[in-house]
Amino acid sequence: LLNINVGGKLFQMAYKVAARYPVTRLGKLALYTDPMKKLQLCDDYSVQKNEYFFDRDPSIFHYIFHFYRSGVLWIMDEMCPSNFVEEIEYWGIHLKYSQRCCRILFEEKQDELGEYLKIQKELEAELEPLDSAEQFEGKFLGRFRKMIWNLIENPYSSVPAKIIAVMSSIFVLISIMGMTLSTVEEMKHKTGKMWMEQLEMICAIFFTSEYLMRLISSSSFKNFLRAAFNAVDLVAILPFYIQILFENLDEGDALYHEELHKVENVSKLGKVLKLIKLMRIFRILKLARHSTGLRAFGFTMRQCYQQVCCLLLFIAMGVFTFSALMHSVEHDVPGTNFTSIPYAWWWAAVSLSTVGYGDTVPDTVLGRIVAFGCISFGIILNGMPISILYNKFSDYYAKLKAHE
């Protein structure tokens with residue numbers, strides 16, 4: 001008998017049983033005749049007891065021991081996949097010796113664990129700052145840049161840093177409110193317009209100062225430009241300066257060029273200027289820097305992009321299918337709005353979302369049956385991914401909050 005001590009538990013196995021699998025560790029132990037080679041396979045050897053000692057997990061070795069006796073490797077659900085794979089690799093046993101059903105479930109569990117660890121790593125990276133305090137050591141104005149970095153990037157480092165973080169969020173809300181009020185008719189007069197312009201200038205100066213402080217305190221200019229939040233900050237301040245540039249161009253063209261084509265250029269500049277002003281709405285994304293909920297939402301969208309794309313594909317299929325059906329049963333009705341399939345797309349999209357504006361409705365019985373099918377399909381379709389997205393969002397939010 002081959003006496004094997006695994007983690008303090010003794011197992012006995014016939015030499016011929018172990019020798020059936022010569023490529024495994026115990027198979028080599030049974031076949032080798034050189035004592036030095038045998039000692040290389042185990043952690044220790046007792047001459048008095050003729051016992052080979054292995055400093056491994058005895059609970060998993062029960063399944064290894066059962067494999068040598070039966071030729072089948074059993075896998076239990078409660079085992080850690082990483083630990084089990086590490087153990088069987090040590091003993092030289094391949095996963096192919098397990099039953100197909102066990103192997104499929106085990107590989108699924110391995111994939112789930114790998115996905116979980118990947119998401120956990122990405123969640124930790126989500127809250128890790130671009131730089132760290134240690135990266136400023138030995139660099140030009142290191143202490144000064146580190147102080148600015150703590151002030152801007154680490155709101156928990158001091159009371160002034162917390163105040164700046166709160167002020168940043170307040171200025172974002174003020175800027176969005178100012179942009180909203182500037183579209184009100186009463187605020188388009190000279191006095192209201194002047195107040196809105198001054199408010200926009202104050203917000204732009206604050207955002208520019210904040211961006212420059214982040215740029216100065218960054219340890220790597222390249223990494224700074226590649227960061228998503230810094231790109232959002234840049235988008236938040238660029239419209240103000242582009243607007244000033246275009247307004248100067250607009251005035252110059254109006255003063256010095258009276259020709260028709262120059263007037264057309266002025267009108268084009270006005271349209272571009274309106275589009276640039278609209279870009280200020282992206283400032284609201286700056287709130288994500290200080291909001292765990294917004295970060296969790298963005299992280300959920302990135303992780304669930306396959307489910308979201310699948311949902312959009314189903315919606316597109318439903319829109320095309322039900323718009324075609326509705327057109328086929330309603331196109332002969334006098335005064336119908338379903339004159340073509342593209343005209344029916346809006347009705348199908350609104351019905352699938354279960355909003356139902358009622359601006360376009362079927363008139364025939366067959367049309368109403370098609371509409372009922374479209375609404376029912378929309379209810380089922382909307383109900384499927386919501387639970388998945390919500391569960392993932394709540395899970396990611398809790399983990400981000402705990403890590404924060």
# chains A, B, ... in the order shown; residues from 1 in each chain; ligands from 1
$ closest_atom_pairs --of "range 380-400 of chain A" --to "range 340-362 of chain A" --cutoff "10 Å" --atoms "only C-alpha atoms" --output "tab-separated table"
residue	atom	partner	partner_atom	distance
A:Ile380	CA	A:Leu352	CA	9.6
A:Leu381	CA	A:Leu352	CA	8.3
A:Asn382	CA	A:Ser353	CA	7.4
$ select_by_dssp --residues "range 157-314 of chain A" --states "alpha helix (DSSP H)" --output "ChimeraX atom specification"
/A:159-181,190-217,221-226,228-256,260-278,292-303,305-314
$ residues_around --residues "Thr292 in chain A" --least-positions-apart "2" --cutoff "10 Å" --atoms "only C-alpha atoms" --output "NGL selection string"
:A and (126-127 or 287-290 or 294-298 or 396-398 or 400-401 or 404)
$ residues_around --residues "Phe106 in chain A" --least-positions-apart "3" --cutoff "9 Å" --atoms "only C-alpha atoms" --output "list in words"
Ile75, Met76, Asp77, Pro81, Cys101, Cys102, Arg103, Lys109, Gln110 and Asp111 of chain A
$ atom_distance --atom1 "CA of Gln40 in chain A" --atom2 "CA of Tyr90 in chain A"
13.0 Å
$ select_by_dssp --residues "range 19-132 of chain A" --states "strand (DSSP E)" --output "PyMOL selection string"
chain A and resi 44-46+51-54
$ write_last_selection --atoms "N, CA, C and O atoms" --output "PDB file, in the first residue's frame"
ATOM      1  N   ASP A  44       7.406  15.852   2.312  1.00  0.00           N
ATOM      2  CA  ASP A  44       8.221  15.197   3.340  1.00  0.00           C
ATOM      3  C   ASP A  44       7.968  13.686   3.293  1.00  0.00           C
ATOM      4  O   ASP A  44       6.979  13.228   2.685  1.00  0.00           O
ATOM      5  N   TYR A  45       8.865  12.940   3.942  1.00  0.00           N
ATOM      6  CA  TYR A  45       8.726  11.483   3.947  1.00  0.00           C
ATOM      7  C   TYR A  45       9.140  10.963   5.319  1.00  0.00           C
ATOM      8  O   TYR A  45      10.194  11.343   5.854  1.00  0.00           O
ATOM      9  N   SER A  46       8.299  10.087   5.900  1.00  0.00           N
ATOM     10  CA  SER A  46       8.594   9.454   7.192  1.00  0.00           C
ATOM     11  C   SER A  46       9.095   8.038   6.946  1.00  0.00           C
ATOM     12  O   SER A  46       8.359   7.192   6.420  1.00  0.00           O
ATOM     13  N   GLU A  51       5.655   6.820   5.018  1.00  0.00           N
ATOM     14  CA  GLU A  51       4.503   7.691   4.750  1.00  0.00           C
ATOM     15  C   GLU A  51       4.968   8.933   4.004  1.00  0.00           C
ATOM     16  O   GLU A  51       5.915   9.605   4.417  1.00  0.00           O
ATOM     17  N   TYR A  52       4.275   9.245   2.922  1.00  0.00           N
ATOM     18  CA  TYR A  52       4.573  10.435   2.130  1.00  0.00           C
ATOM     19  C   TYR A  52       3.633  11.563   2.562  1.00  0.00           C
ATOM     20  O   TYR A  52       2.414  11.376   2.588  1.00  0.00           O
ATOM     21  N   PHE A  53       4.239  12.698   2.889  1.00  0.00           N
ATOM     22  CA  PHE A  53       3.440  13.818   3.400  1.00  0.00           C
ATOM     23  C   PHE A  53       3.275  14.887   2.316  1.00  0.00           C
ATOM     24  O   PHE A  53       4.245  15.263   1.651  1.00  0.00           O
ATOM     25  N   PHE A  54       2.025  15.382   2.187  1.00  0.00           N
ATOM     26  CA  PHE A  54       1.707  16.475   1.245  1.00  0.00           C
ATOM     27  C   PHE A  54       0.988  17.580   2.018  1.00  0.00           C
ATOM     28  O   PHE A  54      -0.038  17.312   2.656  1.00  0.00           O
TER      29      PHE A  54
END
$ closest_atom_pairs --of "range 77-175 of chain A" --to "range 2-23 of chain A" --cutoff "10 Å" --atoms "only C-alpha atoms" --output "tab-separated table"
residue	atom	partner	partner_atom	distance
A:Trp91	CA	A:Val23	CA	9.6
A:Gly92	CA	A:Val23	CA	6.8
A:Ile93	CA	A:Val23	CA	8.2
$ closest_residue --among "A:Arg214, A:Lys222, A:Arg100, A:His331" --to "Trp149 in chain A" --atoms "only C-alpha atoms"
A:Arg214
